Structure formats: C-alpha cells, structure tokens
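First the structure, in the form of structure tokens, and then the observations on it.
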Amino acid sequence: MSRPLHATIDSTALTHNLAQLQARAGSARVLSVVKANAYGHGLARVAPALANTDGWATLELDSAIHLREQGYTQPIVLLEGVFAARELEICSQYRIGCAVHGEHQLAWLREAKLPAPVDVLLKLNTGMNRLGFPPERAPELVGQVRQLPAVAAVTVMTHFATADEPDKGIAVQYERFRSAIAGLDVPVSLANSAALLAYPQARGDWVRPGIALYGSSPFADRSAQSLGLRAVMTLQSAIIGVQELHAGDAVGYGATFVADRNMRVGTVACGYADGYPRHAGTGTPVLVAGQRTRLLGRVSMDMLAVDLTPIPAAGIGSPVELWGRSLSVDEVAAAAGTIAYELLCAVAPRVPFTVA
Ligand SMILES: *Cc1c(COP(=O)(O)O)cnc(C)c1O
C-alpha cells in the first residue's frame with residue numbers, strides 16, 4: 001500500500017471545458033494557455049485532451065518544444081517571448097511564435113539571421129504596467145516589425161488587469177487598445193479567461209484562456225459550475241488516523257484548535273509539503289466519504305486534521321477529497337485567502353498523478 005494521496009486528471013472535463021470556451025469565443029480562435037506545466041496539471045498529461053485547440057500559449061521554451069516534438073502542429077506562442085537572442089534560433093527551428101514586449105527583444109529580432117521567420121505577438125502595455133510598449137507606438141512598431149526579415153505574421157496583444165472584477169472591468173484598457181490599433185489591419189489578442197467570459201466585445205482574433213480550461217472560475221462571485229466548467233484536477237487522499245477528543249483537547253501544531261465538546265478527529269495524509277495551503281485554517285471545507293466537513297487547526301507538513309464528528313461511519317481508509325470534482329478548488333482557495341491558480345500550480349512533485 002502506498003501513501004493514499006494522489007491527483008487525478010479528468011480528460012473528459014478538459015475537453016468539455018475547451019469546447020465550452022471555443023463556443024464562447026465565437027469566431028475567435030483559442031490559444032490554450034499551458035504555462036507553468038499546465039497550471040500544475042502536467043503538460044504531457046493535459047495536451048492530448050486539448051488536441052482540438054486552435055493554438056497553444058506557454059512561457060517556457062521547453063514546454064513549447066515538447067508540444068512540437070509530440071506532433072502538435074497548431075501555432076505555439078511564448079507569452080513573454082525570448083529571454084536571450086539565441087533562443088530565437090530555436091523558435092525559428094520549431095516554428096514557435098514570440099511575444100515582443102520590449103526594445104531589447106526588438107533589437108534581437110532586428111539582428112537575427114534565422115533559417116525561417118518567426119510569428120510575433122507585439123505586446124502593448126495598456127495599463128497592467130508589467131510588460132509592453134506604449135500603445136501610441138503601435139502604428140510605428142507594427143510597420144517596423146513587419147519589415148524585418150526575421151518576422152513572419154504580426155499580431156498585436158495586450159493583457160487586462162481587472163477583467164475578473166465587475167466594478168473595475170476592462171473599459172479603460174480596452175479603449176486604449178482600440179485607439180492604438182485604429183486604422184491598422186492587424187489581428188489582435190486581448191482576452192484571458194475572465195475577459196472571454198465577461199466581455200464578448202474583447203474576443204478579438206485569438207483568446208487566451210488559462211484557468212477556465214482547468215475548470216476553475218476566474219471570478220470571485222461566480223462558481224465554475226455556473227459558467228458550465230468542470231473541475232479537471234481532483235486531489236484525493238484518505239483518513240490514516242482517528243482520535244477521540246474530550247472537551248479542552250487541542251489539535252496539531254500551536255494547539256490552535258481546542259475542542260469545546262467530545263469530538264472525533266480524522267488525520268488525512270496531505271500537508272503543505274504536498275501543496276495544500278498552510279494558510280487554510282479551521283473551517284476550510286474538506287469532503288470525507290462524500291460528506292462535507294471542516295479542517296481543524298494548523299496544516300502540518302504531511303498531514304491535516306478534519307472533523308469526523310458529523311460522519312460517524314468514517315474511519316481509517318475513508319476517502320478524502322481535498323478539492324476537485326465534488327469540492328471546488330475555488331472554495332478551498334477562498335478559505336485559504338488565495339486563488340485556485342496558486343493551489344493548482346503548487347501541487348508538489350511528490351504527489352502521484354493519474355490521467356482518467
Ligand atoms: C496566464 C496568461 C493568460 C491566461 O490567464 P487566465 O486568467 O488563466 O485565463 C492569458 N494571457 C497572458 C499574457 C497570460 O500570461
């Protein structure tokens with residue numbers, strides 16, 4: 001018997017989510033965002049279920065090469081472009097497109113002598129203020145980049161800071177982008193998951209959903225289920241210990257939870273060394289034998305405690321779902337004061353995965 005903690009990837013859910021997003025995208029094409037090892041799911045595990053995507057977006061050159069070597073023929077783009085001039089050669093060799101967000105990358109392209117030109121996503125900074133050129137330079141830059149022998153097709157892109165927050169929205173950034181590209185005949189890419197789901201006018205030619213593909217909601221106030229999305233990763237374990245507590249007994253490090261009555265407490269094989277958030281406190285939802293209960297006290301490195309008092313039939317070996325199919329990762333993330341992106345990306349290498 002091995003340690004019971006494991007993660008399952010639901011390929012059917014992934015294919016379903018992609019189809020949902022492609023339907024929402026209308027005539028725009030979908031770049032499936034698979035950076036960060038497909039948001040912690042494992043690129044090699046998810047790619048076959050996304051085979052129907054119109055293209056791929058990642059950040060890591062090795063992921064892009066992996067996709068090509070696996071035989072995927074769609075466009076692949078690097079969302080931060082290259083980090084050194086010599087990487088352009090590799091992009092050219094593997095037909096990988098590059099974001100160009102700064103003057104240094106433009107200079108590399110100008111000087112490059114490539115076996116074949118690369119596609120470029122020219123990135124405009126419309127308000128996020130991380131990467132990108134000033135929007136007013138768009139006409140000049142598009143003209144300049146199109147002339148370069150190292151460049152094939154040019155697309156103009158931007159990224160929204162608050163597409164997931166209804167009270168802030170995309171209006172300011174969207175207008176800056178529109179006026180920057182007015183009169184230019186160039187394909188555009190603007191929308192992440194939140195913008196794709198909330199702002200049909202911002203679909204452009206290529207949408208770039210990440211989190212929604214994996215069945216998590218980009219919005220704090222709308223569930224993934226209400227958006228027609230299904231959880232892709234389920235993190236499961238089992239009860240490996242049971243303690244009978246009397247009123248006044250404490251649980252775990254720091255003795256932060258103290259029983260106010262007699263209780264049954266289950267110990268689950270899952271801790272922060274597995275990627276479960278240590279910031280999740282007493283009350284965070286956990287499913288035991290299909291029933292909702294709550295986490296108690298501090299999460300340890302390898303274990304956490306749950307309240308079995310309301311589930312008398314549960315005991316050693318009872319199945320536990322930390323998040324996934326029956327308990328939204330969004331709910332667990334909210335209880336831990338973070339977002340599902342962080343939980344999914346943080347699942348530790350020691351957790352074994354199976355693909356279903
Ligand atoms: C990560 C990323 C996305 C995907 O964002 P989600 O919120 O996961 O949909 C889209 N565009 C860029 C530039 C990104 O870096």
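By order of appearance in the structure tokens: chains A, B, ..., then residues from 1 within every chain, and ligands from 1 in the order shown.
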- Item | Near-ligand residues for ligand 1, threshold 6 Å, only C-alpha atoms and all ligand atoms, as a ChimeraX atom specification | /A:33,79,159,192-193,208-211
Quick one: write out the picked residues with N, CA and C atoms as a PDB file, in the first residue's frame?
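Final output, out-v6.pdb:
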ATOM      1  N   VAL A  33      -3.853  28.164 -22.804  1.00  0.00           N
ATOM      2  CA  VAL A  33      -2.679  28.594 -22.023  1.00  0.00           C
ATOM      3  C   VAL A  33      -2.232  27.426 -21.140  1.00  0.00           C
ATOM      4  N   LEU A  79       4.490  33.592 -24.254  1.00  0.00           N
ATOM      5  CA  LEU A  79       3.809  34.808 -23.791  1.00  0.00           C
ATOM      6  C   LEU A  79       4.759  35.892 -23.286  1.00  0.00           C
ATOM      7  N   HIS A 159      -2.980  42.712 -22.255  1.00  0.00           N
ATOM      8  CA  HIS A 159      -3.442  41.856 -21.160  1.00  0.00           C
ATOM      9  C   HIS A 159      -4.167  42.734 -20.140  1.00  0.00           C
ATOM     10  N   ASN A 192      -8.019  37.066 -21.575  1.00  0.00           N
ATOM     11  CA  ASN A 192      -7.771  35.906 -20.719  1.00  0.00           C
ATOM     12  C   ASN A 192      -9.129  35.253 -20.427  1.00  0.00           C
ATOM     13  N   SER A 193      -9.164  34.301 -19.483  1.00  0.00           N
ATOM     14  CA  SER A 193     -10.432  33.607 -19.189  1.00  0.00           C
ATOM     15  C   SER A 193     -11.521  34.592 -18.803  1.00  0.00           C
ATOM     16  N   ARG A 208      -7.122  33.887 -25.017  1.00  0.00           N
ATOM     17  CA  ARG A 208      -6.055  33.175 -24.302  1.00  0.00           C
ATOM     18  C   ARG A 208      -6.543  32.678 -22.938  1.00  0.00           C
ATOM     19  N   PRO A 209      -7.499  31.748 -22.907  1.00  0.00           N
ATOM     20  CA  PRO A 209      -7.953  31.261 -21.607  1.00  0.00           C
ATOM     21  C   PRO A 209      -6.959  30.285 -20.987  1.00  0.00           C
ATOM     22  N   GLY A 210      -6.743  30.459 -19.686  1.00  0.00           N
ATOM     23  CA  GLY A 210      -5.936  29.518 -18.915  1.00  0.00           C
ATOM     24  C   GLY A 210      -6.811  28.850 -17.872  1.00  0.00           C
ATOM     25  N   ILE A 211      -7.054  29.566 -16.768  1.00  0.00           N
ATOM     26  CA  ILE A 211      -7.690  28.956 -15.600  1.00  0.00           C
ATOM     27  C   ILE A 211      -9.028  28.285 -15.921  1.00  0.00           C
TER      28      ILE A 211
END
- Residues within 9 Å of Gly241 in chain A, only C-alpha atoms, excluding chain neighbours under 4 positions, as a ChimeraX atom specification: /A:265-269,315-317
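Nearest residue to Leu296 in chain A among A:Ala280, A:Ala231, A:Ala23, A:Val351 is A:Ala280, counting only C-alpha atoms.
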- Task: Find the residues near His16 in chain A: any atom within 10 Å, counting only C-alpha atoms, skip ones fewer than 2 places away on the same chain, and give them as a PyMOL selection string.
- Result: chain A and resi 11-14+18-22+49-50+213+215+228-230+232
Dump of all heavy atoms for the selected residues, as a compact mmCIF listing (two decimals), in the first residue's frame:
# COMPACT_ATOMS: atom_id res chain seq x y z
N SER A 11 -9.70 13.94 -18.18
CA SER A 11 -9.52 14.38 -19.58
C SER A 11 -10.83 14.79 -20.22
O SER A 11 -10.87 15.72 -21.03
CB SER A 11 -8.90 13.25 -20.40
OG SER A 11 -7.68 12.88 -19.87
N THR A 12 -11.90 14.11 -19.84
CA THR A 12 -13.22 14.43 -20.41
C THR A 12 -13.63 15.85 -20.00
O THR A 12 -14.16 16.61 -20.81
CB THR A 12 -14.27 13.43 -19.90
OG1 THR A 12 -13.74 12.12 -20.03
CG2 THR A 12 -15.56 13.55 -20.66
N ALA A 13 -13.34 16.21 -18.74
CA ALA A 13 -13.67 17.55 -18.26
C ALA A 13 -12.87 18.61 -19.03
O ALA A 13 -13.41 19.66 -19.41
CB ALA A 13 -13.38 17.66 -16.76
N LEU A 14 -11.62 18.30 -19.29
CA LEU A 14 -10.76 19.25 -20.00
C LEU A 14 -11.27 19.48 -21.43
O LEU A 14 -11.38 20.63 -21.90
CB LEU A 14 -9.34 18.67 -20.01
CG LEU A 14 -8.17 19.56 -20.32
CD1 LEU A 14 -8.14 20.79 -19.45
CD2 LEU A 14 -6.88 18.76 -20.12
N LEU A 18 -12.68 23.03 -22.95
CA LEU A 18 -12.17 23.64 -24.18
C LEU A 18 -13.32 23.89 -25.16
O LEU A 18 -13.42 24.98 -25.75
CB LEU A 18 -11.11 22.75 -24.83
CG LEU A 18 -10.60 23.22 -26.20
CD1 LEU A 18 -9.96 24.61 -26.13
CD2 LEU A 18 -9.63 22.21 -26.81
N ALA A 19 -14.21 22.92 -25.30
CA ALA A 19 -15.35 23.08 -26.23
C ALA A 19 -16.24 24.24 -25.78
O ALA A 19 -16.70 25.04 -26.60
CB ALA A 19 -16.14 21.78 -26.31
N GLN A 20 -16.48 24.35 -24.47
CA GLN A 20 -17.27 25.47 -23.92
C GLN A 20 -16.63 26.80 -24.28
O GLN A 20 -17.30 27.75 -24.69
CB GLN A 20 -17.32 25.38 -22.39
CG GLN A 20 -18.16 24.28 -21.84
CD GLN A 20 -19.63 24.64 -21.87
OE1 GLN A 20 -20.01 25.70 -21.39
NE2 GLN A 20 -20.44 23.80 -22.46
N LEU A 21 -15.32 26.88 -24.10
CA LEU A 21 -14.63 28.15 -24.35
C LEU A 21 -14.55 28.45 -25.84
O LEU A 21 -14.66 29.61 -26.24
CB LEU A 21 -13.23 28.12 -23.69
CG LEU A 21 -13.29 27.99 -22.16
CD1 LEU A 21 -11.91 27.70 -21.58
CD2 LEU A 21 -13.87 29.26 -21.52
N GLN A 22 -14.41 27.42 -26.65
CA GLN A 22 -14.42 27.64 -28.10
C GLN A 22 -15.79 28.15 -28.54
O GLN A 22 -15.87 29.03 -29.39
CB GLN A 22 -14.04 26.34 -28.85
CG GLN A 22 -12.52 26.11 -28.83
CD GLN A 22 -12.10 24.77 -29.45
OE1 GLN A 22 -12.81 23.77 -29.27
NE2 GLN A 22 -10.96 24.76 -30.12
N ALA A 49 -5.86 15.82 -24.32
CA ALA A 49 -7.28 16.19 -24.19
C ALA A 49 -7.56 17.56 -24.80
O ALA A 49 -8.72 17.93 -25.00
CB ALA A 49 -7.69 16.16 -22.72
N LEU A 50 -6.51 18.32 -25.08
CA LEU A 50 -6.66 19.65 -25.68
C LEU A 50 -6.27 19.65 -27.16
O LEU A 50 -6.09 20.70 -27.77
CB LEU A 50 -5.77 20.67 -24.94
CG LEU A 50 -6.13 20.95 -23.47
CD1 LEU A 50 -5.07 21.85 -22.83
CD2 LEU A 50 -7.51 21.60 -23.37
N LEU A 213 -9.95 26.71 -18.54
CA LEU A 213 -9.74 25.40 -19.15
C LEU A 213 -9.68 24.30 -18.11
O LEU A 213 -10.10 23.17 -18.34
CB LEU A 213 -8.39 25.37 -19.88
CG LEU A 213 -8.28 25.91 -21.28
CD1 LEU A 213 -6.82 25.83 -21.71
CD2 LEU A 213 -9.15 25.11 -22.24
N GLY A 215 -11.15 24.29 -15.29
CA GLY A 215 -12.41 24.13 -14.57
C GLY A 215 -12.50 24.94 -13.31
O GLY A 215 -13.24 24.58 -12.38
N GLY A 228 -20.51 26.67 -16.54
CA GLY A 228 -20.51 25.48 -17.40
C GLY A 228 -19.16 24.79 -17.45
O GLY A 228 -18.88 24.04 -18.40
N LEU A 229 -18.31 25.02 -16.44
CA LEU A 229 -16.97 24.43 -16.44
C LEU A 229 -16.90 23.28 -15.44
O LEU A 229 -17.55 23.31 -14.39
CB LEU A 229 -15.94 25.50 -16.06
CG LEU A 229 -15.93 26.74 -16.96
CD1 LEU A 229 -15.05 27.83 -16.36
CD2 LEU A 229 -15.44 26.37 -18.36
N ARG A 230 -16.07 22.30 -15.76
CA ARG A 230 -15.92 21.12 -14.90
C ARG A 230 -14.49 21.00 -14.39
O ARG A 230 -13.53 21.20 -15.14
CB ARG A 230 -16.30 19.87 -15.70
CG ARG A 230 -17.82 19.77 -15.92
CD ARG A 230 -18.21 18.78 -16.99
NE ARG A 230 -17.56 17.48 -16.83
CZ ARG A 230 -17.66 16.49 -17.71
NH1 ARG A 230 -18.37 16.65 -18.81
NH2 ARG A 230 -17.05 15.34 -17.51
N VAL A 232 -10.96 19.80 -13.49
CA VAL A 232 -10.06 18.86 -14.18
C VAL A 232 -9.20 18.08 -13.18
O VAL A 232 -9.03 16.88 -13.32
CB VAL A 232 -9.18 19.62 -15.20
CG1 VAL A 232 -8.11 18.71 -15.79
CG2 VAL A 232 -10.05 20.23 -16.30
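Proximity ranking of A:Ile240, A:Leu322, A:Val258, A:Leu109 relative to Pro4 in chain A places A:Ile240 first, based on only C-alpha atoms.
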- Within range 14-160 of chain A, find each residue whose DSSP state, derived from the backbone, is helix (DSSP H, G or I), and express the selection as JSON, numbers by chain. {"A": [14, 15, 16, 17, 18, 19, 20, 21, 22, 23, 24, 25, 35, 36, 37, 38, 39, 43, 44, 45, 46, 47, 48, 49, 50, 61, 62, 63, 64, 65, 66, 67, 68, 69, 87, 88, 89, 90, 91, 92, 93, 94, 103, 104, 105, 106, 107, 108, 109, 110, 111, 135, 136, 137, 138, 139, 140, 141, 142, 143, 144, 145, 146, 147]}
With C-alpha atoms retained, write the just-selected residues as a short mmCIF file (atom, residue, chain, number, x, y, z; two decimals), in the first residue's frame.
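This is the output file result01.cif:
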data_model
loop_
_atom_site.label_atom_id
_atom_site.label_comp_id
_atom_site.auth_asym_id
_atom_site.auth_seq_id
_atom_site.Cartn_x
_atom_site.Cartn_y
_atom_site.Cartn_z
CA LEU A 14 -10.76 19.25 -20.00
CA THR A 15 -12.10 18.50 -23.46
CA HIS A 16 -15.53 19.71 -22.32
CA ASN A 17 -14.09 22.99 -20.96
CA LEU A 18 -12.17 23.64 -24.18
CA ALA A 19 -15.35 23.08 -26.23
CA GLN A 20 -17.27 25.47 -23.92
CA LEU A 21 -14.63 28.15 -24.35
CA GLN A 22 -14.42 27.64 -28.10
CA ALA A 23 -18.20 28.11 -28.24
CA ARG A 24 -17.90 31.31 -26.16
CA ALA A 25 -15.08 32.52 -28.40
CA LYS A 35 2.26 27.76 -18.92
CA ALA A 36 3.52 26.60 -15.51
CA ASN A 37 3.26 22.96 -16.54
CA ALA A 38 -0.39 23.46 -17.50
CA TYR A 39 -1.22 25.24 -14.22
CA LEU A 43 1.59 19.50 -19.78
CA ALA A 44 2.13 15.96 -21.04
CA ARG A 45 -0.97 14.83 -19.12
CA VAL A 46 -3.31 17.51 -20.45
CA ALA A 47 -2.14 18.08 -24.03
CA PRO A 48 -3.90 15.04 -25.57
CA ALA A 49 -7.28 16.19 -24.19
CA LEU A 50 -6.66 19.65 -25.68
CA LEU A 61 10.63 27.29 -24.17
CA ASP A 62 10.98 23.62 -23.18
CA SER A 63 7.17 23.28 -22.98
CA ALA A 64 6.81 24.75 -26.45
CA ILE A 65 9.44 22.35 -27.80
CA HIS A 66 7.72 19.45 -26.03
CA LEU A 67 4.44 20.25 -27.80
CA ARG A 68 6.16 20.33 -31.20
CA GLU A 69 8.02 17.11 -30.51
CA GLU A 87 16.53 31.45 -28.30
CA LEU A 88 15.17 32.99 -31.50
CA GLU A 89 17.04 30.32 -33.47
CA ILE A 90 15.22 27.61 -31.51
CA CYS A 91 11.88 29.35 -32.06
CA SER A 92 12.61 29.50 -35.76
CA GLN A 93 13.60 25.84 -35.87
CA TYR A 94 10.46 24.67 -34.03
CA GLU A 103 13.09 47.29 -27.07
CA HIS A 104 15.74 44.64 -26.24
CA GLN A 105 13.67 41.92 -27.91
CA LEU A 106 13.12 44.13 -30.94
CA ALA A 107 16.88 44.59 -31.23
CA TRP A 108 17.44 40.80 -31.13
CA LEU A 109 14.89 40.37 -33.92
CA ARG A 110 16.50 43.11 -35.98
CA GLU A 111 19.88 41.41 -35.76
CA PRO A 135 0.08 51.90 -27.01
CA GLU A 136 0.63 55.07 -29.03
CA ARG A 137 3.67 53.44 -30.63
CA ALA A 138 1.56 50.67 -32.18
CA PRO A 139 1.38 52.01 -35.77
CA GLU A 140 5.10 52.73 -35.94
CA LEU A 141 6.05 49.39 -34.32
CA VAL A 142 3.73 47.27 -36.45
CA GLY A 143 5.19 48.91 -39.55
CA GLN A 144 8.74 48.40 -38.33
CA VAL A 145 8.33 44.78 -37.20
CA ARG A 146 6.57 43.77 -40.40
CA GLN A 147 9.63 44.88 -42.37
#
- Of the listed residues A:Ala51, A:Ala7, A:Val186, A:Leu31, that which approaches Pro349 in chain A most closely, counting only C-alpha atoms: A:Ala7
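When the distance limit is 10 Å and only C-alpha atoms are what count, the residues near Asn125 in chain A, minus those fewer than 5 positions from it on the same chain, are His101, Arg130, Leu131, Gly132, Phe133, Pro134, Pro135, Glu136, Met157, Thr158, His159, Phe160, Gln173, Arg176 and Phe177 of chain A.
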- Task: Report the residues of range 83-206 of chain A whose backbone DSSP state falls under strand (DSSP E), written as number ranges by chain.
- Result: A: 97-100, 118-123, 151-157, 188-189, 206
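Minimum atom-to-atom distances from A:Ser300, A:Leu308, A:Thr126, A:Leu197 to Leu245 in chain A were compared using only C-alpha atoms, and the lowest value belongs to A:Leu308.
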- Just the residues within 12 Å of Ala305 in chain A, please, counting only C-alpha atoms, with nothing from its chain fewer than 6 positions along; format it as JSON, numbers by chain. {"A": [238, 239, 240, 241, 242, 243, 250, 251, 252, 253, 255, 256, 257, 264, 265, 266, 267, 268, 269, 270, 271, 280, 281, 282, 283, 284, 285, 286, 288, 293, 294, 295, 296, 297, 298, 299, 320, 322]}
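The two atoms in question, CA of Met128 in chain A and CA of Glu165 in chain A, are spaced 14.2 Å apart.
Between Ala346 in chain A and the residues A:Ala334, A:Ala289, A:Pro277, A:Leu148, the shortest atom-to-atom distance, using only C-alpha atoms, involves A:Pro277.
Residue neighbourhood of Val151 in chain A, excluding near-sequence residues (fewer than 2 positions): Pro117, Val118, Asp119, Leu148 and Pro149 of chain A, at 6 Å, using only C-alpha atoms.
CA of Ser318 in chain A lies 10.7 Å from CA of Gln236 in chain A.
Reported to one decimal place, the separation of CA of Gly204 in chain A from CA of Ile181 in chain A is 12.0 Å.
Among the candidate residues A:Arg178, A:Val120, A:Leu114, A:Thr73, the one lying nearest to Arg86 in chain A is A:Leu114, with distances computed using only C-alpha atoms.
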- Which residues come within 6 Å of Thr309 in chain A, counting only C-alpha atoms, excluding same-chain residues fewer than 2 positions away, as a PyMOL selection string? chain A and resi 263-264+307+311
Only all heavy atoms, please: the residues just picked out, written as a compact mmCIF listing (two decimals), in the first residue's frame.
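As a result, selection34.txt now contains:
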# COMPACT_ATOMS: atom_id res chain seq x y z
N MET A 263 -15.27 15.03 20.57
CA MET A 263 -15.23 15.08 19.10
C MET A 263 -14.45 13.88 18.58
O MET A 263 -13.59 13.35 19.28
CB MET A 263 -14.47 16.33 18.62
CG MET A 263 -15.16 17.63 18.86
SD MET A 263 -14.12 18.97 18.22
CE MET A 263 -14.32 18.76 16.46
N ARG A 264 -14.71 13.53 17.31
CA ARG A 264 -13.85 12.57 16.60
C ARG A 264 -13.10 13.32 15.54
O ARG A 264 -13.69 14.05 14.73
CB ARG A 264 -14.71 11.49 15.93
CG ARG A 264 -14.77 10.21 16.70
CD ARG A 264 -15.70 9.26 15.98
NE ARG A 264 -14.94 8.28 15.22
CZ ARG A 264 -15.11 8.02 13.95
NH1 ARG A 264 -15.99 8.71 13.23
NH2 ARG A 264 -14.40 7.11 13.37
N ASP A 307 -12.72 17.21 10.99
CA ASP A 307 -13.75 16.88 11.99
C ASP A 307 -14.58 15.69 11.48
O ASP A 307 -15.26 15.80 10.46
CB ASP A 307 -14.64 18.12 12.18
CG ASP A 307 -15.60 17.96 13.34
OD1 ASP A 307 -15.62 16.87 13.95
OD2 ASP A 307 -16.32 18.94 13.63
N ILE A 311 -19.67 12.63 10.86
CA ILE A 311 -19.63 11.50 9.92
C ILE A 311 -19.20 10.25 10.69
O ILE A 311 -18.09 9.74 10.53
CB ILE A 311 -18.63 11.78 8.76
CG1 ILE A 311 -18.73 13.24 8.29
CG2 ILE A 311 -18.85 10.82 7.59
CD1 ILE A 311 -17.65 13.65 7.32
